[in-house]
Each structure stands twice: as C-alpha cells, then as structure tokens.
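Engineer: Structure file query-v8.txt, compact mmCIF, C-alpha atoms, is pasted below:
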```txt
# COMPACT_ATOMS: atom_id res chain seq x y z
CA MET A 1145 108.51 101.19 92.91
CA GLU A 1146 111.10 100.48 95.57
CA ARG A 1147 110.17 98.01 98.29
CA ILE A 1148 111.56 97.71 101.78
CA LEU A 1149 112.16 94.17 103.00
CA PHE A 1150 112.89 93.23 106.59
CA ASN A 1151 114.30 90.16 108.25
CA LEU A 1152 112.09 89.71 111.29
CA ALA A 1153 112.95 88.96 114.88
CA SER A 1154 111.60 85.53 115.76
CA ALA A 1155 108.59 85.15 118.03
CA PRO A 1156 110.55 83.22 120.71
CA ARG A 1157 113.26 85.90 120.78
CA ARG A 1158 110.65 88.66 121.16
CA ILE A 1159 108.85 86.81 123.94
CA ILE A 1160 112.10 86.05 125.76
CA ALA A 1161 113.09 89.72 125.48
CA PHE A 1162 109.85 90.84 127.10
CA LEU A 1163 110.24 88.26 129.89
CA VAL A 1164 113.86 89.29 130.52
CA ASP A 1165 112.87 92.97 130.68
CA SER A 1166 110.10 92.02 133.13
CA LEU A 1167 112.53 90.02 135.29
CA LEU A 1168 115.12 92.81 135.24
CA PHE A 1169 112.47 95.27 136.30
CA LEU A 1170 111.26 92.91 139.04
CA LEU A 1171 114.81 92.63 140.34
CA LEU A 1172 115.09 96.42 140.33
CA ALA A 1173 111.80 96.67 142.24
CA ILE A 1174 113.04 94.22 144.86
CA ILE A 1175 116.29 96.15 145.30
CA ILE A 1176 114.42 99.47 145.61
CA SER A 1177 112.01 97.89 148.09
CA PHE A 1178 114.92 96.77 150.27
CA ILE A 1179 116.55 100.20 150.09
CA VAL A 1180 113.36 102.17 150.82
CA LYS A 1181 111.56 99.84 153.26
CA GLY A 1182 114.39 97.73 154.63
CA ASP A 1183 112.76 94.50 153.47
CA PHE A 1184 110.84 93.03 150.55
CA ASP A 1185 107.36 94.54 150.28
CA ARG A 1186 105.23 92.80 147.67
CA SER A 1187 102.65 95.62 147.69
CA PHE A 1188 105.35 97.89 146.26
CA ILE A 1189 105.71 95.64 143.18
CA ASP A 1190 101.96 95.00 142.85
CA SER A 1191 101.07 98.69 142.73
CA LYS A 1192 99.73 100.33 139.57
CA TYR A 1193 102.49 102.91 139.96
CA TRP A 1194 105.10 100.25 139.34
CA ASP A 1195 103.20 99.07 136.23
CA ALA A 1196 103.17 102.66 134.98
CA ILE A 1197 106.92 103.02 135.60
CA PHE A 1198 107.55 99.80 133.65
CA ALA A 1199 105.37 101.08 130.78
CA LEU A 1200 107.37 104.33 130.76
CA TYR A 1201 110.62 102.33 130.66
CA LEU A 1202 109.34 100.40 127.63
CA THR A 1203 108.22 103.69 126.04
CA ILE A 1204 111.18 106.00 126.64
CA LEU A 1205 114.26 103.75 126.50
CA PRO A 1206 113.79 102.65 122.85
CA VAL A 1207 113.48 106.30 121.81
CA VAL A 1208 116.72 107.35 123.49
CA TRP A 1209 118.56 104.06 122.80
CA SER A 1210 117.84 103.58 119.08
CA GLY A 1211 115.07 100.99 119.41
CA TYR A 1212 116.52 98.95 122.26
CA THR A 1213 115.50 98.00 125.76
CA ALA A 1214 118.04 96.23 127.96
CA SER A 1215 116.87 92.77 126.91
CA LYS A 1216 116.50 93.64 123.24
CA LYS A 1217 120.12 94.84 123.25
CA MET A 1218 121.19 91.52 124.86
CA LEU A 1219 119.23 89.51 122.29
CA ASN A 1220 120.29 91.62 119.30
CA ILE A 1221 116.81 92.74 118.29
CA LYS A 1222 115.34 96.22 118.10
CA ILE A 1223 112.15 98.12 117.41
CA VAL A 1224 111.98 100.19 114.23
CA ARG A 1225 109.28 102.06 112.37
CA LEU A 1226 107.71 100.47 109.31
CA ASP A 1227 109.96 102.57 107.07
CA GLY A 1228 113.01 101.13 108.85
CA GLU A 1229 113.88 104.39 110.59
CA LEU A 1230 114.37 104.88 114.33
CA VAL A 1231 111.26 104.95 116.49
CA THR A 1232 109.95 108.27 117.73
CA PHE A 1233 108.36 109.11 121.05
CA GLN A 1234 104.98 109.13 119.31
CA ASN A 1235 105.52 105.59 117.94
CA MET A 1236 106.49 104.28 121.36
CA LEU A 1237 103.73 106.16 123.17
CA LEU A 1238 101.15 104.57 120.89
CA ARG A 1239 102.89 101.17 120.99
CA GLU A 1240 103.48 100.78 124.72
CA LEU A 1241 101.12 103.06 126.61
CA VAL A 1242 98.10 102.74 124.31
CA GLY A 1243 98.63 99.41 122.51
CA ARG A 1244 100.05 97.41 125.38
CA TYR A 1245 99.30 99.06 128.72
CA LEU A 1246 95.93 100.83 128.31
CA LEU A 1247 94.38 98.19 126.06
CA GLY A 1248 95.66 95.51 128.41
CA VAL A 1249 94.01 97.18 131.39
CA VAL A 1250 90.73 97.88 129.59
CA SER A 1251 90.51 94.35 128.17
CA PHE A 1252 91.63 92.69 131.44
CA GLY A 1253 94.68 91.28 129.64
CA ILE A 1254 92.85 89.75 126.68
CA THR A 1255 94.70 91.97 124.17
CA THR A 1256 98.00 90.83 125.67
CA VAL A 1257 97.10 87.20 124.98
CA VAL A 1258 95.85 88.06 121.49
CA SER A 1259 99.11 89.93 120.75
CA PHE A 1260 101.10 86.92 121.95
CA PHE A 1261 99.38 84.70 119.38
CA MET A 1262 99.62 87.37 116.68
CA ILE A 1263 103.40 87.50 117.15
CA ILE A 1264 103.58 83.73 116.85
CA PHE A 1265 101.23 83.21 113.90
CA ARG A 1266 101.16 86.39 111.80
CA LYS A 1267 103.55 86.46 108.88
CA ASP A 1268 104.78 89.94 109.85
CA LYS A 1269 105.17 88.93 113.56
CA ARG A 1270 103.35 92.09 114.71
CA GLY A 1271 101.15 92.24 117.78
CA ILE A 1272 98.36 94.70 118.47
CA HIS A 1273 100.84 97.10 120.08
CA ASP A 1274 103.03 97.00 116.93
CA LEU A 1275 100.06 97.70 114.68
CA ILE A 1276 98.97 100.66 116.81
CA GLY A 1277 102.52 102.04 117.10
CA GLY A 1278 103.49 101.51 113.46
CA THR A 1279 106.48 99.41 114.49
CA ILE A 1280 108.19 96.13 113.68
CA VAL A 1281 110.88 94.20 115.59
CA VAL A 1282 113.95 93.20 113.60
CA PRO A 1283 117.36 91.66 114.26
CA SER A 1284 119.70 94.53 115.08
CA ASN A 1285 122.54 93.18 112.96
CA LYS A 1286 120.42 93.32 109.79
CA LYS A 1287 119.77 96.43 107.80
CA LYS A 1288 116.66 97.12 105.80
CA MET A 1289 117.11 96.11 102.19
CA HIS A 1290 115.85 97.99 99.17
CA TYR A 1291 114.94 96.02 96.07
CA SER A 1292 113.15 96.95 92.90
CA SER A 1293 111.79 93.41 92.53
CA GLU A 1294 111.28 90.31 94.64
CA GLU A 1295 113.67 88.37 92.41
CA GLU A 1296 116.52 90.46 93.77
CA LEU A 1297 115.89 89.11 97.25
CA LEU A 1298 118.35 86.26 97.68
CA THR A 1299 118.69 86.11 101.46
CA GLY A 1300 117.11 82.70 101.91
CA GLU A 1301 115.59 84.01 105.14
CA ARG A 1302 112.27 82.39 105.93
CA GLU A 1303 110.81 85.33 107.83
CA THR A 1304 111.41 88.23 105.49
CA ILE A 1305 108.49 90.54 104.92
CA ARG A 1306 107.75 93.25 102.37
CA LEU A 1307 106.08 96.37 103.66
```
Using structure tokens, write down the structure that the file contains.
Structural biologist:
Amino acid sequence: MERILFNLASAPRRIIAFLVDSLLFLLLAIIISFIVKGDFDRSFIDSKYWDAIFALYLTILPVVWSGYTASKKMLNIKIVRLDGELVTFQNMLLRELVGRYLLGVVSFGITTVVSFFMIIFRKDKRGIHDLIGGTIVVPSNKKKMHYSSEEELLTGERETIRL
C-alpha cells in the first residue's frame, strides 16, 4: 500500500503567518477607515463585520491562490488537503468559517487557544480547524512523497508525517 509522507510547516512559522495576515488585514482596515471616515475609527475594526471579512479572506484566498494567503506565500508554506492535493472551497469553508471562526465565537476563544497548543505539541501539527477542514500545512517548496515503505524515507526531516 502506498503511503503519502509530508514535511510539515513548523509551528512557529504557522503562528507567524497567522499574525502577519492579521497585521496586514489590520493595516488594510486602518487605510479603509481613513478613506471612508477621514480618520481612524476603532469601531470599524472592532465590528463583527470586519471579523467576517477576515474569515472570508482566510477562506477564499487559499482556494483561488493554490493554498496560500499573503503571509503563507511570504513564508513559503501552504495549506493542502490530506491527500496532498489543492484545497477546495469546502475544505476552507469547514477549516476557517466552522473550525476557526464559528467555534471560536461559540467557545469564547477557547478553541483558538486549544488549536494553538495542538499545533505546537501534536506530531502532525494540526489544530482543530485543520482536523475539521481535512487540511495540513506544509512547506511550499516540498512536494508530497510516495513511498511503499518507511525505509525508503531518507529525508532526515524531523517533522515528517505519514497520513
């Protein structure tokens, strides 16, 4: 039976990517606030509408941009399905809107904290949102590798996982 092995994106790189996307989106919100209102209006950024727009960004962009958001492209990591193929809208809808946004709202952010620790400590580096969406985050310069046995795996990578 053929196995698919992945080199995984590191937890720090994933966390930095999310923070960079958040900061880029915050900068965009500030710019839009200045254009629309003429000054910085914090209520514009604090609104649930802005959270929903950010969730849509995280949902749609990886589908149309082969698994990347702006920060993931900068950090050379991308989101793929468990079979190594490109993510679909369904994967990203489940991953971001259900697994990250809705669960985060319903649990008052507890699932976000749990996912953070899952990404750090789980061998497969998957958070709740990855489990729900059927996704994994990998370095973009690595391809999935097919092996018929574990002995054929000679990468020396510490964070390689068999799915």
Engineer: So the first atom is CA of Ile1189 in chain A and the second is CA of Ala1173 in chain A; what is the distance between them in Å, to one decimal place?
Structural biologist: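 Here the two named atoms are 6.2 Å from each other.
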Engineer: To one decimal place in Å, what is the distance between CA of Ser1284 in chain A and CA of Met1218 in chain A?
Structural biologist: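 A separation of 10.3 Å between them.
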Engineer: Mind pulling up the distance from CA of Ile1223 in chain A to CA of Ile1280 in chain A?
Structural biologist: 5.8 Å
Engineer: Take range 1200-1230 of chain A, model N, CA and C atoms, and hand the result over as a PDB file, in the coordinates of the input.
Structural biologist:
```
ATOM      1  N   LEU A1200     106.541 103.187 131.164  1.00  0.00           N
ATOM      2  CA  LEU A1200     107.370 104.330 130.760  1.00  0.00           C
ATOM      3  C   LEU A1200     108.763 103.884 130.333  1.00  0.00           C
ATOM      4  N   TYR A1201     109.320 102.904 131.043  1.00  0.00           N
ATOM      5  CA  TYR A1201     110.620 102.330 130.660  1.00  0.00           C
ATOM      6  C   TYR A1201     110.555 101.776 129.240  1.00  0.00           C
ATOM      7  N   LEU A1202     109.492 100.999 128.952  1.00  0.00           N
ATOM      8  CA  LEU A1202     109.340 100.400 127.630  1.00  0.00           C
ATOM      9  C   LEU A1202     109.041 101.459 126.554  1.00  0.00           C
ATOM     10  N   THR A1203     108.538 102.614 126.967  1.00  0.00           N
ATOM     11  CA  THR A1203     108.220 103.690 126.040  1.00  0.00           C
ATOM     12  C   THR A1203     109.423 104.578 125.749  1.00  0.00           C
ATOM     13  N   ILE A1204     110.120 104.998 126.786  1.00  0.00           N
ATOM     14  CA  ILE A1204     111.180 106.000 126.640  1.00  0.00           C
ATOM     15  C   ILE A1204     112.521 105.411 126.215  1.00  0.00           C
ATOM     16  N   LEU A1205     112.920 104.284 126.793  1.00  0.00           N
ATOM     17  CA  LEU A1205     114.260 103.750 126.500  1.00  0.00           C
ATOM     18  C   LEU A1205     114.476 103.475 125.008  1.00  0.00           C
ATOM     19  N   PRO A1206     113.542 102.860 124.287  1.00  0.00           N
ATOM     20  CA  PRO A1206     113.790 102.650 122.850  1.00  0.00           C
ATOM     21  C   PRO A1206     113.945 103.951 122.048  1.00  0.00           C
ATOM     22  N   VAL A1207     113.333 105.020 122.512  1.00  0.00           N
ATOM     23  CA  VAL A1207     113.480 106.300 121.810  1.00  0.00           C
ATOM     24  C   VAL A1207     114.889 106.849 122.003  1.00  0.00           C
ATOM     25  N   VAL A1208     115.397 106.789 123.221  1.00  0.00           N
ATOM     26  CA  VAL A1208     116.720 107.350 123.490  1.00  0.00           C
ATOM     27  C   VAL A1208     117.858 106.364 123.179  1.00  0.00           C
ATOM     28  N   TRP A1209     117.531 105.081 123.026  1.00  0.00           N
ATOM     29  CA  TRP A1209     118.560 104.060 122.800  1.00  0.00           C
ATOM     30  C   TRP A1209     118.366 103.349 121.464  1.00  0.00           C
ATOM     31  N   SER A1210     117.939 104.061 120.467  1.00  0.00           N
ATOM     32  CA  SER A1210     117.840 103.580 119.080  1.00  0.00           C
ATOM     33  C   SER A1210     117.068 102.279 118.910  1.00  0.00           C
ATOM     34  N   GLY A1211     115.939 102.150 119.591  1.00  0.00           N
ATOM     35  CA  GLY A1211     115.070 100.990 119.410  1.00  0.00           C
ATOM     36  C   GLY A1211     115.293  99.846 120.380  1.00  0.00           C
ATOM     37  N   TYR A1212     116.193 100.028 121.323  1.00  0.00           N
ATOM     38  CA  TYR A1212     116.520  98.950 122.260  1.00  0.00           C
ATOM     39  C   TYR A1212     115.939  99.169 123.642  1.00  0.00           C
ATOM     40  N   THR A1213     115.619  98.061 124.305  1.00  0.00           N
ATOM     41  CA  THR A1213     115.500  98.000 125.760  1.00  0.00           C
ATOM     42  C   THR A1213     116.703  97.183 126.192  1.00  0.00           C
ATOM     43  N   ALA A1214     116.885  96.998 127.485  1.00  0.00           N
ATOM     44  CA  ALA A1214     118.040  96.230 127.960  1.00  0.00           C
ATOM     45  C   ALA A1214     118.054  94.819 127.364  1.00  0.00           C
ATOM     46  N   SER A1215     116.915  94.150 127.398  1.00  0.00           N
ATOM     47  CA  SER A1215     116.870  92.770 126.910  1.00  0.00           C
ATOM     48  C   SER A1215     116.974  92.704 125.389  1.00  0.00           C
ATOM     49  N   LYS A1216     116.395  93.652 124.697  1.00  0.00           N
ATOM     50  CA  LYS A1216     116.500  93.640 123.240  1.00  0.00           C
ATOM     51  C   LYS A1216     117.960  93.834 122.810  1.00  0.00           C
ATOM     52  N   LYS A1217     118.689  94.654 123.534  1.00  0.00           N
ATOM     53  CA  LYS A1217     120.120  94.840 123.250  1.00  0.00           C
ATOM     54  C   LYS A1217     120.861  93.514 123.471  1.00  0.00           C
ATOM     55  N   MET A1218     120.549  92.812 124.570  1.00  0.00           N
ATOM     56  CA  MET A1218     121.190  91.520 124.860  1.00  0.00           C
ATOM     57  C   MET A1218     120.890  90.481 123.795  1.00  0.00           C
ATOM     58  N   LEU A1219     119.667  90.517 123.260  1.00  0.00           N
ATOM     59  CA  LEU A1219     119.230  89.510 122.290  1.00  0.00           C
ATOM     60  C   LEU A1219     119.371  89.952 120.839  1.00  0.00           C
ATOM     61  N   ASN A1220     120.016  91.099 120.642  1.00  0.00           N
ATOM     62  CA  ASN A1220     120.290  91.620 119.300  1.00  0.00           C
ATOM     63  C   ASN A1220     119.034  91.791 118.443  1.00  0.00           C
ATOM     64  N   ILE A1221     117.995  92.364 119.042  1.00  0.00           N
ATOM     65  CA  ILE A1221     116.810  92.740 118.290  1.00  0.00           C
ATOM     66  C   ILE A1221     116.453  94.171 118.664  1.00  0.00           C
ATOM     67  N   LYS A1222     115.737  94.847 117.786  1.00  0.00           N
ATOM     68  CA  LYS A1222     115.340  96.220 118.100  1.00  0.00           C
ATOM     69  C   LYS A1222     114.028  96.566 117.423  1.00  0.00           C
ATOM     70  N   ILE A1223     113.414  97.618 117.925  1.00  0.00           N
ATOM     71  CA  ILE A1223     112.150  98.120 117.410  1.00  0.00           C
ATOM     72  C   ILE A1223     112.463  99.216 116.399  1.00  0.00           C
ATOM     73  N   VAL A1224     111.843  99.133 115.227  1.00  0.00           N
ATOM     74  CA  VAL A1224     111.980 100.190 114.230  1.00  0.00           C
ATOM     75  C   VAL A1224     110.606 100.547 113.691  1.00  0.00           C
ATOM     76  N   ARG A1225     110.522 101.689 113.046  1.00  0.00           N
ATOM     77  CA  ARG A1225     109.280 102.060 112.370  1.00  0.00           C
ATOM     78  C   ARG A1225     109.129 101.226 111.108  1.00  0.00           C
ATOM     79  N   LEU A1226     107.964 101.258 110.515  1.00  0.00           N
ATOM     80  CA  LEU A1226     107.710 100.470 109.310  1.00  0.00           C
ATOM     81  C   LEU A1226     108.572 100.887 108.128  1.00  0.00           C
ATOM     82  N   ASP A1227     109.079 102.132 108.145  1.00  0.00           N
ATOM     83  CA  ASP A1227     109.960 102.570 107.070  1.00  0.00           C
ATOM     84  C   ASP A1227     111.422 102.242 107.371  1.00  0.00           C
ATOM     85  N   GLY A1228     111.656 101.542 108.483  1.00  0.00           N
ATOM     86  CA  GLY A1228     113.010 101.130 108.850  1.00  0.00           C
ATOM     87  C   GLY A1228     113.781 102.165 109.645  1.00  0.00           C
ATOM     88  N   GLU A1229     113.202 103.318 109.845  1.00  0.00           N
ATOM     89  CA  GLU A1229     113.880 104.390 110.590  1.00  0.00           C
ATOM     90  C   GLU A1229     113.708 104.175 112.095  1.00  0.00           C
ATOM     91  N   LEU A1230     114.449 104.965 112.869  1.00  0.00           N
ATOM     92  CA  LEU A1230     114.370 104.880 114.330  1.00  0.00           C
ATOM     93  C   LEU A1230     112.978 105.269 114.825  1.00  0.00           C
TER      94      LEU A1230
END
```
